[in-house]
$ cat structure.pdb   # PDB, C-alpha atoms
ATOM      1  CA  MET E 207     106.340  77.831 105.142
ATOM      2  CA  LYS E 208     103.981  77.807 102.161
ATOM      3  CA  THR E 209     100.349  76.807 102.463
ATOM      4  CA  ILE E 210      98.453  74.758  99.903
ATOM      5  CA  VAL E 211      94.724  74.052 100.015
ATOM      6  CA  ILE E 212      93.634  70.774  98.433
ATOM      7  CA  THR E 213      89.985  69.763  98.126
ATOM      8  CA  GLY E 214      88.924  66.129  98.319
ATOM      9  CA  THR E 215      91.778  64.833 100.467
ATOM     10  CA  ARG E 216      90.113  61.924 102.230
ATOM     11  CA  LYS E 217      91.144  59.415  99.559
ATOM     12  CA  GLY E 218      92.410  58.918  96.018
ATOM     13  CA  ILE E 219      94.468  61.497  94.141
ATOM     14  CA  GLY E 220      93.672  64.243  96.667
ATOM     15  CA  LYS E 221      95.026  62.253  99.585
ATOM     16  CA  GLU E 222      98.184  61.264  97.701
ATOM     17  CA  MET E 223      98.791  64.865  96.625
ATOM     18  CA  ALA E 224      98.314  66.056 100.210
ATOM     19  CA  GLU E 225     100.832  63.497 101.459
ATOM     20  CA  HIS E 226     103.257  64.483  98.697
ATOM     21  CA  TYR E 227     103.153  68.193  99.533
ATOM     22  CA  LEU E 228     103.426  67.501 103.261
ATOM     23  CA  ALA E 229     106.580  65.509 102.499
ATOM     24  CA  GLU E 230     107.803  68.468 100.422
ATOM     25  CA  GLY E 231     107.483  70.761 103.444
ATOM     26  CA  TRP E 232     104.198  72.534 102.698
ATOM     27  CA  GLN E 233     101.466  73.225 105.195
ATOM     28  CA  VAL E 234      98.453  71.441 103.740
ATOM     29  CA  VAL E 235      94.828  72.336 104.389
ATOM     30  CA  GLY E 236      92.435  69.706 103.088
ATOM     31  CA  CYS E 237      88.751  69.010 103.065
ATOM     32  CA  SER E 238      86.212  66.330 102.288
ATOM     33  CA  ARG E 239      82.599  65.585 103.138
ATOM     34  CA  GLY E 240      83.734  63.387 106.019
ATOM     35  CA  GLU E 241      86.483  63.356 108.595
ATOM     36  CA  GLY E 242      90.093  63.503 107.432
ATOM     37  CA  SER E 243      92.333  60.479 106.978
ATOM     38  CA  ILE E 244      95.721  62.201 107.243
ATOM     39  CA  ASP E 245      97.512  62.572 110.560
ATOM     40  CA  HIS E 246     100.366  65.064 110.253
ATOM     41  CA  ALA E 247     101.507  68.066 112.295
ATOM     42  CA  HIS E 248     101.220  70.339 109.247
ATOM     43  CA  TYR E 249      97.879  69.043 108.029
ATOM     44  CA  GLN E 250      94.548  70.637 108.900
ATOM     45  CA  HIS E 251      91.244  69.113 107.786
ATOM     46  CA  PHE E 252      87.775  70.579 107.274
ATOM     47  CA  ALA E 253      84.708  68.363 106.911
ATOM     48  CA  LEU E 254      82.415  70.149 104.469
ATOM     49  CA  ASP E 255      80.544  70.028 101.200
ATOM     50  CA  VAL E 256      82.573  72.080  98.688
ATOM     51  CA  SER E 257      79.369  73.554  97.226
ATOM     52  CA  ASP E 258      78.168  74.872 100.617
ATOM     53  CA  GLU E 259      78.956  78.595 100.325
ATOM     54  CA  ASP E 260      78.730  79.364 104.051
ATOM     55  CA  ALA E 261      80.988  76.434 104.925
ATOM     56  CA  VAL E 262      83.609  77.424 102.338
ATOM     57  CA  ILE E 263      83.585  81.040 103.576
ATOM     58  CA  ALA E 264      83.963  79.834 107.174
ATOM     59  CA  MET E 265      86.867  77.589 106.129
ATOM     60  CA  ALA E 266      88.596  80.521 104.403
ATOM     61  CA  ARG E 267      88.202  82.683 107.516
ATOM     62  CA  THR E 268      89.633  79.975 109.729
ATOM     63  CA  ILE E 269      92.606  79.560 107.378
ATOM     64  CA  LYS E 270      93.184  83.313 107.398
ATOM     65  CA  ALA E 271      93.246  83.304 111.177
ATOM     66  CA  SER E 272      95.541  80.277 111.454
ATOM     67  CA  HIS E 273      97.798  80.630 108.377
ATOM     68  CA  GLY E 274      97.358  84.274 107.335
ATOM     69  CA  LYS E 275      97.469  83.475 103.620
ATOM     70  CA  VAL E 276      97.222  80.757 101.010
ATOM     71  CA  ASP E 277      99.864  80.196  98.333
ATOM     72  CA  ALA E 278      98.194  77.553  96.197
ATOM     73  CA  LEU E 279      94.870  75.802  95.641
ATOM     74  CA  LEU E 280      94.300  72.393  94.049
ATOM     75  CA  ASN E 281      90.606  72.083  93.188
ATOM     76  CA  ASN E 282      90.673  68.306  93.133
ATOM     77  CA  ALA E 283      87.273  67.392  94.637
ATOM     78  CA  GLY E 284      84.947  66.030  92.006
ATOM     79  CA  ILE E 285      82.310  63.434  91.370
ATOM     80  CA  ALA E 286      81.347  61.487  88.262
ATOM     81  CA  SER E 287      78.404  59.386  87.246
ATOM     82  CA  MET E 288      78.497  57.256  84.132
ATOM     83  CA  ASN E 289      75.094  56.818  82.578
ATOM     84  CA  HIS E 290      73.247  57.241  79.316
ATOM     85  CA  ALA E 291      71.649  60.692  79.022
ATOM     86  CA  LEU E 292      68.182  59.143  78.658
ATOM     87  CA  LEU E 293      68.616  57.495  82.048
ATOM     88  CA  THR E 294      70.198  60.389  83.975
ATOM     89  CA  PRO E 295      67.911  62.006  86.563
ATOM     90  CA  ALA E 296      68.038  65.759  87.193
ATOM     91  CA  SER E 297      69.092  65.073  90.785
ATOM     92  CA  THR E 298      72.314  63.496  89.462
ATOM     93  CA  VAL E 299      72.864  66.434  87.095
ATOM     94  CA  ASN E 300      72.466  68.918  89.937
ATOM     95  CA  ARG E 301      74.720  66.937  92.266
ATOM     96  CA  ILE E 302      77.543  66.779  89.710
ATOM     97  CA  LEU E 303      77.253  70.462  88.752
ATOM     98  CA  GLN E 304      77.131  71.537  92.395
ATOM     99  CA  THR E 305      80.304  69.700  93.371
ATOM    100  CA  ASN E 306      82.332  70.095  90.185
ATOM    101  CA  VAL E 307      81.349  73.607  89.077
ATOM    102  CA  VAL E 308      79.952  75.455  92.091
ATOM    103  CA  GLY E 309      82.507  73.883  94.439
ATOM    104  CA  THR E 310      85.411  74.767  92.144
ATOM    105  CA  PHE E 311      84.143  78.331  91.769
ATOM    106  CA  LEU E 312      83.626  78.891  95.505
ATOM    107  CA  PHE E 313      87.130  77.683  96.335
ATOM    108  CA  CYS E 314      88.638  79.807  93.551
ATOM    109  CA  ARG E 315      86.786  82.852  94.881
ATOM    110  CA  GLU E 316      87.504  82.439  98.576
ATOM    111  CA  MET E 317      91.121  81.245  98.292
ATOM    112  CA  SER E 318      91.950  84.009  95.784
ATOM    113  CA  LYS E 319      91.090  86.469  98.540
ATOM    114  CA  LEU E 320      93.729  84.810 100.714
ATOM    115  CA  MET E 321      96.283  84.817  97.855
ATOM    116  CA  ARG E 322      95.814  88.497  96.973
ATOM    117  CA  ARG E 323      98.782  89.772  98.912
ATOM    118  CA  THR E 324     101.213  86.936  98.159
ATOM    119  CA  ASN E 325     101.803  88.251  94.613
ATOM    120  CA  ASN E 326     102.465  84.685  93.490
ATOM    121  CA  GLY E 327      99.237  82.699  93.918
ATOM    122  CA  ARG E 328      98.560  79.472  92.088
ATOM    123  CA  ILE E 329      95.194  77.881  91.334
ATOM    124  CA  ILE E 330      95.055  74.493  89.647
ATOM    125  CA  ASN E 331      91.680  73.109  88.647
ATOM    126  CA  PHE E 332      90.916  69.565  87.613
ATOM    127  CA  THR E 333      89.222  68.671  84.351
ATOM    128  CA  THR E 334      89.078  65.384  82.453
ATOM    129  CA  VAL E 335      89.914  63.869  79.096
ATOM    130  CA  ALA E 336      86.228  62.883  78.915
ATOM    131  CA  HIS E 337      85.563  66.437  77.705
ATOM    132  CA  PRO E 338      87.860  66.589  74.621
ATOM    133  CA  LEU E 339      87.093  62.949  73.824
ATOM    134  CA  ASN E 340      83.315  63.561  74.009
ATOM    135  CA  LEU E 341      82.904  60.270  75.851
ATOM    136  CA  GLU E 342      79.497  58.646  75.597
ATOM    137  CA  GLY E 343      77.957  58.027  78.997
ATOM    138  CA  GLU E 344      79.824  60.966  80.516
ATOM    139  CA  ALA E 345      77.638  63.809  79.214
ATOM    140  CA  ILE E 346      77.056  65.575  82.514
ATOM    141  CA  TYR E 347      80.485  64.860  83.990
ATOM    142  CA  ALA E 348      82.196  66.106  80.805
ATOM    143  CA  ALA E 349      79.881  69.128  80.630
ATOM    144  CA  SER E 350      80.711  70.025  84.241
ATOM    145  CA  LYS E 351      84.417  69.844  83.456
ATOM    146  CA  ALA E 352      83.923  71.930  80.297
ATOM    147  CA  ALA E 353      82.536  74.554  82.657
ATOM    148  CA  VAL E 354      85.612  74.173  84.857
ATOM    149  CA  GLU E 355      87.835  74.763  81.825
ATOM    150  CA  SER E 356      85.925  77.908  80.893
ATOM    151  CA  LEU E 357      86.120  79.074  84.495
ATOM    152  CA  THR E 358      89.872  78.446  84.420
ATOM    153  CA  ARG E 359      90.425  80.532  81.300
ATOM    154  CA  ILE E 360      88.300  83.465  82.431
ATOM    155  CA  LEU E 361      89.580  83.519  86.018
ATOM    156  CA  ALA E 362      93.112  83.478  84.596
ATOM    157  CA  ARG E 363      92.307  86.885  83.110
ATOM    158  CA  GLU E 364      90.337  88.226  86.072
ATOM    159  CA  LEU E 365      93.003  87.230  88.594
ATOM    160  CA  ALA E 366      96.042  88.136  86.500
ATOM    161  CA  GLU E 367      96.260  91.590  88.075
ATOM    162  CA  LEU E 368      96.484  89.929  91.466
ATOM    163  CA  LYS E 369      99.403  87.844  90.144
ATOM    164  CA  ILE E 370      97.442  84.639  90.607
ATOM    165  CA  THR E 371      97.803  82.075  87.832
ATOM    166  CA  VAL E 372      94.879  79.757  87.075
ATOM    167  CA  ASN E 373      95.468  76.573  85.116
ATOM    168  CA  ALA E 374      93.942  73.123  84.775
ATOM    169  CA  ILE E 375      95.049  69.534  84.456
ATOM    170  CA  GLY E 376      93.048  66.851  82.659
ATOM    171  CA  PRO E 377      94.176  63.457  83.847
ATOM    172  CA  THR E 378      93.478  60.236  81.968
ATOM    173  CA  PRO E 379      91.771  57.450  83.923
ATOM    174  CA  ILE E 380      93.642  56.588  87.120
ATOM    175  CA  GLU E 381      92.772  53.657  89.396
ATOM    176  CA  THR E 382      90.499  55.456  91.871
ATOM    177  CA  ASP E 383      86.919  55.174  93.121
ATOM    178  CA  LEU E 384      85.880  57.627  90.407
ATOM    179  CA  ILE E 385      86.230  55.008  87.666
ATOM    180  CA  ARG E 386      85.278  51.957  89.702
ATOM    181  CA  GLY E 387      82.414  50.308  87.886
ATOM    182  CA  VAL E 388      83.483  51.378  84.412
ATOM    183  CA  PRO E 389      83.470  48.172  82.264
ATOM    184  CA  GLN E 390      86.918  46.956  81.179
ATOM    185  CA  GLU E 391      86.066  47.087  77.455
ATOM    186  CA  LYS E 392      85.105  50.778  77.842
ATOM    187  CA  MET E 393      88.389  51.434  79.612
ATOM    188  CA  ASP E 394      90.395  49.622  76.907
ATOM    189  CA  ALA E 395      88.634  51.641  74.194
ATOM    190  CA  LEU E 396      89.446  54.860  76.040
ATOM    191  CA  LEU E 397      93.120  53.969  76.487
ATOM    192  CA  ALA E 398      93.311  53.184  72.766
ATOM    193  CA  ARG E 399      92.422  56.823  72.024
ATOM    194  CA  GLN E 400      95.364  58.141  74.038
ATOM    195  CA  ALA E 401      98.712  58.728  72.304
ATOM    196  CA  LEU E 402     100.271  57.034  75.318
ATOM    197  CA  GLY E 403      98.001  54.063  75.945
ATOM    198  CA  ARG E 404      98.466  53.313  79.612
ATOM    199  CA  MET E 405      96.510  54.080  82.749
ATOM    200  CA  GLY E 406      97.533  57.306  84.401
ATOM    201  CA  GLU E 407      99.256  57.327  87.773
ATOM    202  CA  VAL E 408      99.129  59.868  90.569
ATOM    203  CA  ARG E 409     102.786  60.701  89.903
ATOM    204  CA  ASP E 410     101.765  61.908  86.428
ATOM    205  CA  VAL E 411      99.325  64.355  87.996
ATOM    206  CA  ILE E 412     101.792  65.510  90.650
ATOM    207  CA  ASN E 413     104.408  66.130  87.963
ATOM    208  CA  ALA E 414     102.022  68.469  86.126
ATOM    209  CA  VAL E 415     100.957  70.180  89.377
ATOM    210  CA  ASP E 416     104.606  70.715  90.315
ATOM    211  CA  PHE E 417     105.166  72.402  86.966
ATOM    212  CA  TYR E 418     102.308  74.863  87.513
ATOM    213  CA  LEU E 419     103.406  75.536  91.102
ATOM    214  CA  ARG E 420     106.992  76.444  90.225
ATOM    215  CA  GLU E 421     107.867  80.122  90.735
ATOM    216  CA  GLU E 422     109.207  80.128  87.178
ATOM    217  CA  SER E 423     105.694  79.266  85.908
ATOM    218  CA  ASP E 424     104.393  82.761  86.675
ATOM    219  CA  PHE E 425     103.984  83.441  82.933
ATOM    220  CA  ILE E 426     101.724  80.427  82.401
ATOM    221  CA  THR E 427      98.023  80.940  83.008
ATOM    222  CA  GLY E 428      94.677  79.978  81.511
ATOM    223  CA  GLN E 429      96.095  76.694  80.218
ATOM    224  CA  VAL E 430      94.569  73.221  80.194
ATOM    225  CA  LEU E 431      97.056  70.355  80.158
ATOM    226  CA  TYR E 432      95.677  66.931  79.238
ATOM    227  CA  LEU E 433      97.780  63.927  80.145
ATOM    228  CA  GLY E 434      98.377  60.848  78.010
ATOM    229  CA  GLY E 435      98.607  62.674  74.691
ATOM    230  CA  ILE E 436      94.970  63.723  74.464
ATOM    231  CA  ASN E 437      94.162  67.041  72.816
TER
ATOM    232  CA  MET O 205      75.387  95.353 116.015
ATOM    233  CA  PRO O 206      77.964  98.049 115.270
ATOM    234  CA  ASP O 207      76.691 101.618 114.815
ATOM    235  CA  ARG O 208      77.258 103.873 111.803
ATOM    236  CA  THR O 209      80.430 105.400 113.265
ATOM    237  CA  ALA O 210      82.022 101.983 113.772
ATOM    238  CA  ILE O 211      81.131 100.845 110.262
ATOM    239  CA  GLN O 212      82.381 104.062 108.706
ATOM    240  CA  SER O 213      85.664 103.789 110.637
ATOM    241  CA  LEU O 214      86.117 100.271 109.346
ATOM    242  CA  ILE O 215      85.558 101.457 105.769
ATOM    243  CA  LEU O 216      87.952 104.383 106.206
ATOM    244  CA  GLU O 217      90.622 101.985 107.515
ATOM    245  CA  SER O 218      90.055  99.683 104.548
ATOM    246  CA  VAL O 219      90.385 102.592 102.103
ATOM    247  CA  GLN O 220      93.623 103.676 103.795
ATOM    248  CA  MET O 221      95.024 100.153 103.596
ATOM    249  CA  LEU O 222      94.097  99.919  99.920
ATOM    250  CA  ALA O 223      95.643 103.348  99.257
ATOM    251  CA  GLU O 224      98.925 102.037 100.672
ATOM    252  CA  ASP O 225      98.770  98.869  98.554
ATOM    253  CA  PHE O 226      97.893 100.685  95.335
ATOM    254  CA  GLU O 227      99.995 103.776  96.130
ATOM    255  CA  LEU O 228      97.047 106.157  95.784
ATOM    256  CA  GLU O 229      98.242 109.301  97.579
ATOM    257  CA  ALA O 230      94.851 111.060  97.416
ATOM    258  CA  LEU O 231      93.152 108.229  99.300
ATOM    259  CA  LYS O 232      95.623 107.939 102.166
ATOM    260  CA  ALA O 233      93.584 110.332 104.367
ATOM    261  CA  PRO O 234      89.963 109.612 103.377
ATOM    262  CA  ASN O 235      86.823 111.166 104.842
ATOM    263  CA  PRO O 236      83.127 110.320 104.396
ATOM    264  CA  GLN O 237      82.858 112.380 101.205
ATOM    265  CA  THR O 238      85.973 110.939  99.584
ATOM    266  CA  ALA O 239      85.046 109.821  96.062
ATOM    267  CA  LEU O 240      85.868 106.182  95.385
ATOM    268  CA  TYR O 241      84.492 104.788  92.141
ATOM    269  CA  GLY O 242      82.955 106.428  89.083
ATOM    270  CA  GLY O 243      82.851 110.201  88.526
ATOM    271  CA  ASP O 244      85.775 111.709  90.431
ATOM    272  CA  GLY O 245      86.621 108.403  92.103
ATOM    273  CA  LEU O 246      90.240 107.256  91.960
ATOM    274  CA  LEU O 247      89.651 103.526  92.068
ATOM    275  CA  ASP O 248      89.759 101.399  88.938
ATOM    276  CA  SER O 249      87.606  98.287  88.802
ATOM    277  CA  MET O 250      90.303  95.987  90.201
ATOM    278  CA  ALA O 251      91.018  98.311  93.114
ATOM    279  CA  LEU O 252      87.272  98.420  93.836
ATOM    280  CA  VAL O 253      87.119  94.609  93.844
ATOM    281  CA  ASN O 254      89.980  94.573  96.349
ATOM    282  CA  LEU O 255      88.315  97.213  98.523
ATOM    283  CA  ILE O 256      85.019  95.335  98.653
ATOM    284  CA  ALA O 257      86.810  92.077  99.498
ATOM    285  CA  ASP O 258      88.773  93.889 102.243
ATOM    286  CA  ILE O 259      85.617  95.421 103.737
ATOM    287  CA  GLU O 260      83.733  92.100 103.694
ATOM    288  CA  GLU O 261      86.715  90.416 105.357
ATOM    289  CA  ALA O 262      87.040  93.153 107.993
ATOM    290  CA  LEU O 263      83.307  93.007 108.794
ATOM    291  CA  ALA O 264      83.610  89.267 109.349
ATOM    292  CA  GLU O 265      86.708  89.631 111.516
ATOM    293  CA  LYS O 266      85.573  92.580 113.640
ATOM    294  CA  PHE O 267      81.825  92.094 113.873
ATOM    295  CA  ASP O 268      81.373  88.432 112.892
ATOM    296  CA  VAL O 269      78.919  89.269 110.117
ATOM    297  CA  SER O 270      78.899  87.914 106.603
ATOM    298  CA  ILE O 271      77.499  90.190 103.915
ATOM    299  CA  ALA O 272      77.837  90.409 100.134
ATOM    300  CA  LEU O 273      78.358  94.028  99.072
ATOM    301  CA  ALA O 274      78.416  93.313  95.352
ATOM    302  CA  ASP O 275      74.967  91.759  95.206
ATOM    303  CA  GLU O 276      72.459  92.169  92.383
ATOM    304  CA  LYS O 277      70.835  95.112  94.147
ATOM    305  CA  ALA O 278      74.158  96.974  94.252
ATOM    306  CA  MET O 279      74.956  96.170  90.634
ATOM    307  CA  SER O 280      71.602  97.454  89.378
ATOM    308  CA  ALA O 281      71.238 100.482  91.692
ATOM    309  CA  LYS O 282      70.541 103.812  89.996
ATOM    310  CA  ASN O 283      73.083 105.500  92.270
ATOM    311  CA  SER O 284      76.138 103.304  92.725
ATOM    312  CA  PRO O 285      76.792 102.446  96.387
ATOM    313  CA  TYR O 286      80.510 102.565  95.603
ATOM    314  CA  ARG O 287      80.691 106.270  94.723
ATOM    315  CA  ASN O 288      82.084 107.452  98.069
ATOM    316  CA  VAL O 289      82.748 106.377 101.658
ATOM    317  CA  ALA O 290      79.367 107.595 102.921
ATOM    318  CA  SER O 291      77.384 105.729 100.258
ATOM    319  CA  LEU O 292      79.413 102.591 100.917
ATOM    320  CA  THR O 293      78.653 102.961 104.630
ATOM    321  CA  ASP O 294      74.930 103.160 103.785
ATOM    322  CA  ALA O 295      75.240 100.022 101.670
ATOM    323  CA  VAL O 296      76.873  98.098 104.512
ATOM    324  CA  ILE O 297      74.260  99.243 107.062
ATOM    325  CA  GLU O 298      71.469  98.257 104.657
ATOM    326  CA  ARG O 299      72.884  94.740 104.398
ATOM    327  CA  MET O 300      73.658  94.153 108.066
ATOM    328  CA  PRO O 301      71.626  91.301 109.569
ATOM    329  CA  THR O 302      68.828  92.536 111.801
TER
END

$ encode --input "structure.pdb" --output "structure tokens"
Amino acid sequence: MKTIVITGTRKGIGKEMAEHYLAEGWQVVGCSRGEGSIDHAHYQHFALDVSDEDAVIAMARTIKASHGKVDALLNNAGIASMNHALLTPASTVNRILQTNVVGTFLFCREMSKLMRRTNNGRIINFTTVAHPLNLEGEAIYAASKAAVESLTRILARELAELKITVNAIGPTPIETDLIRGVPQEKMDALLARQALGRMGEVRDVINAVDFYLREESDFITGQVLYLGGIN
Amino acid sequence: MPDRTAIQSLILESVQMLAEDFELEALKAPNPQTALYGGDGLLDSMALVNLIADIEEALAEKFDVSIALADEKAMSAKNSPYRNVASLTDAVIERMPT
């Protein structure tokens, strides 16, 4: 049975992806800051902050003891904060960078160690269309995801010898807590910039994840796939 | 805390395991003076990364200690701690929690 680690599984896209891969027969290991919200025989939850190095290392060691290896990682956990740069405090900047960049890096590092001997590891990071669209009000969030994209491309090279592919997906806005509070006119303007002008759905994300996870995708690495026709 | 002999044994086991994985005949029976990286060492950079990760993992599993062998001190050291088994043993001992 294959094991997939998904960060940010308490709600939203992370939870739906976890439920999808459980239904597909994977063993799913999830995490969030709080207790888990999935009750399934093949689901294991860790309550932690993804940017807490000691906690992530401890999680990896527990997974090694219980599962032996990891086949795939979905670095889904992320936070956003929409605000004008002149009004954004450093504490918000640090919080976003810690979760989105440091958290993504720590999970890539620790889970790669557990993928080393599978010869077919998969890492999928999450970016955003806010980066290529240079969205006003999203300076720090977009900058953090730009870092995730750079991390994705460089780790793709560093981990290639270990036969681990590293790719990223950039979803369009999806109805989740992350975009709650974004004014409707802003959302309409954003959708108008997409080639396909509709809200994204979780199934769109899962479709792209499935593509990266396929065994036949072992020649695809270092790529960033934006949904909705953004480039 | 484990003594030098225990730490060195753990490193020798890790080198043997790596030698199997990377099919490095000359490293299948290592001793404390076996060259690892740089100079006469047989490991390339990726094999060294794997060895360090294996040793860190084994230290956590066997002795419940968490250390980072590739820290800034190691990277900037005049004499690389990765040159042979004995120097790597010294590096581990130096980083063990007191």

$ resolve_selection --input "structure.pdb" --expression "the PyMOL selection byres ((chain O) within 10 of (chain E))" --output "ChimeraX atom specification"
/O:225,250-251,254,257-258,261,264-265,270

$ closest_residue --input "structure.pdb" --among "E:Thr213, E:Thr310, E:Ser257, E:Asn413" --to "E:Thr333" --atoms "only C-alpha atoms"
E:Thr310

$ atom_distance --input "structure.pdb" --atom1 "atom CA of E:Arg216" --atom2 "atom CA of E:Gly242"
5.4 Å

$ residues_around --input "structure.pdb" --residues "O:Pro206" --least-positions-apart "3" --cutoff "10 Å" --atoms "only C-alpha atoms" --output "ChimeraX atom specification"
/O:209-212,263,266-267,297,300

$ resolve_selection --input "structure.pdb" --expression "the PyMOL selection byres ((chain O and resi 279-285) around 12)" --output "NGL selection string"
:O and (239-243 or 245 or 252 or 256 or 272-278 or 286-299)

$ atom_distance --input "structure.pdb" --atom1 "atom CA of E:Ser423" --atom2 "atom CA of E:Val307"
25.2 Å

$ resolve_selection --input "structure.pdb" --expression "the PyMOL selection byres ((chain E and resi 328) around 8)" --output "ChimeraX atom specification"
/E:277-279,326-327,329-330,370-372,418-419

$ closest_residue --input "structure.pdb" --among "E:Val211, E:Leu341, E:Ile375, E:Ala352" --to "E:Ile412" --atoms "all atoms listed in the file"
E:Ile375
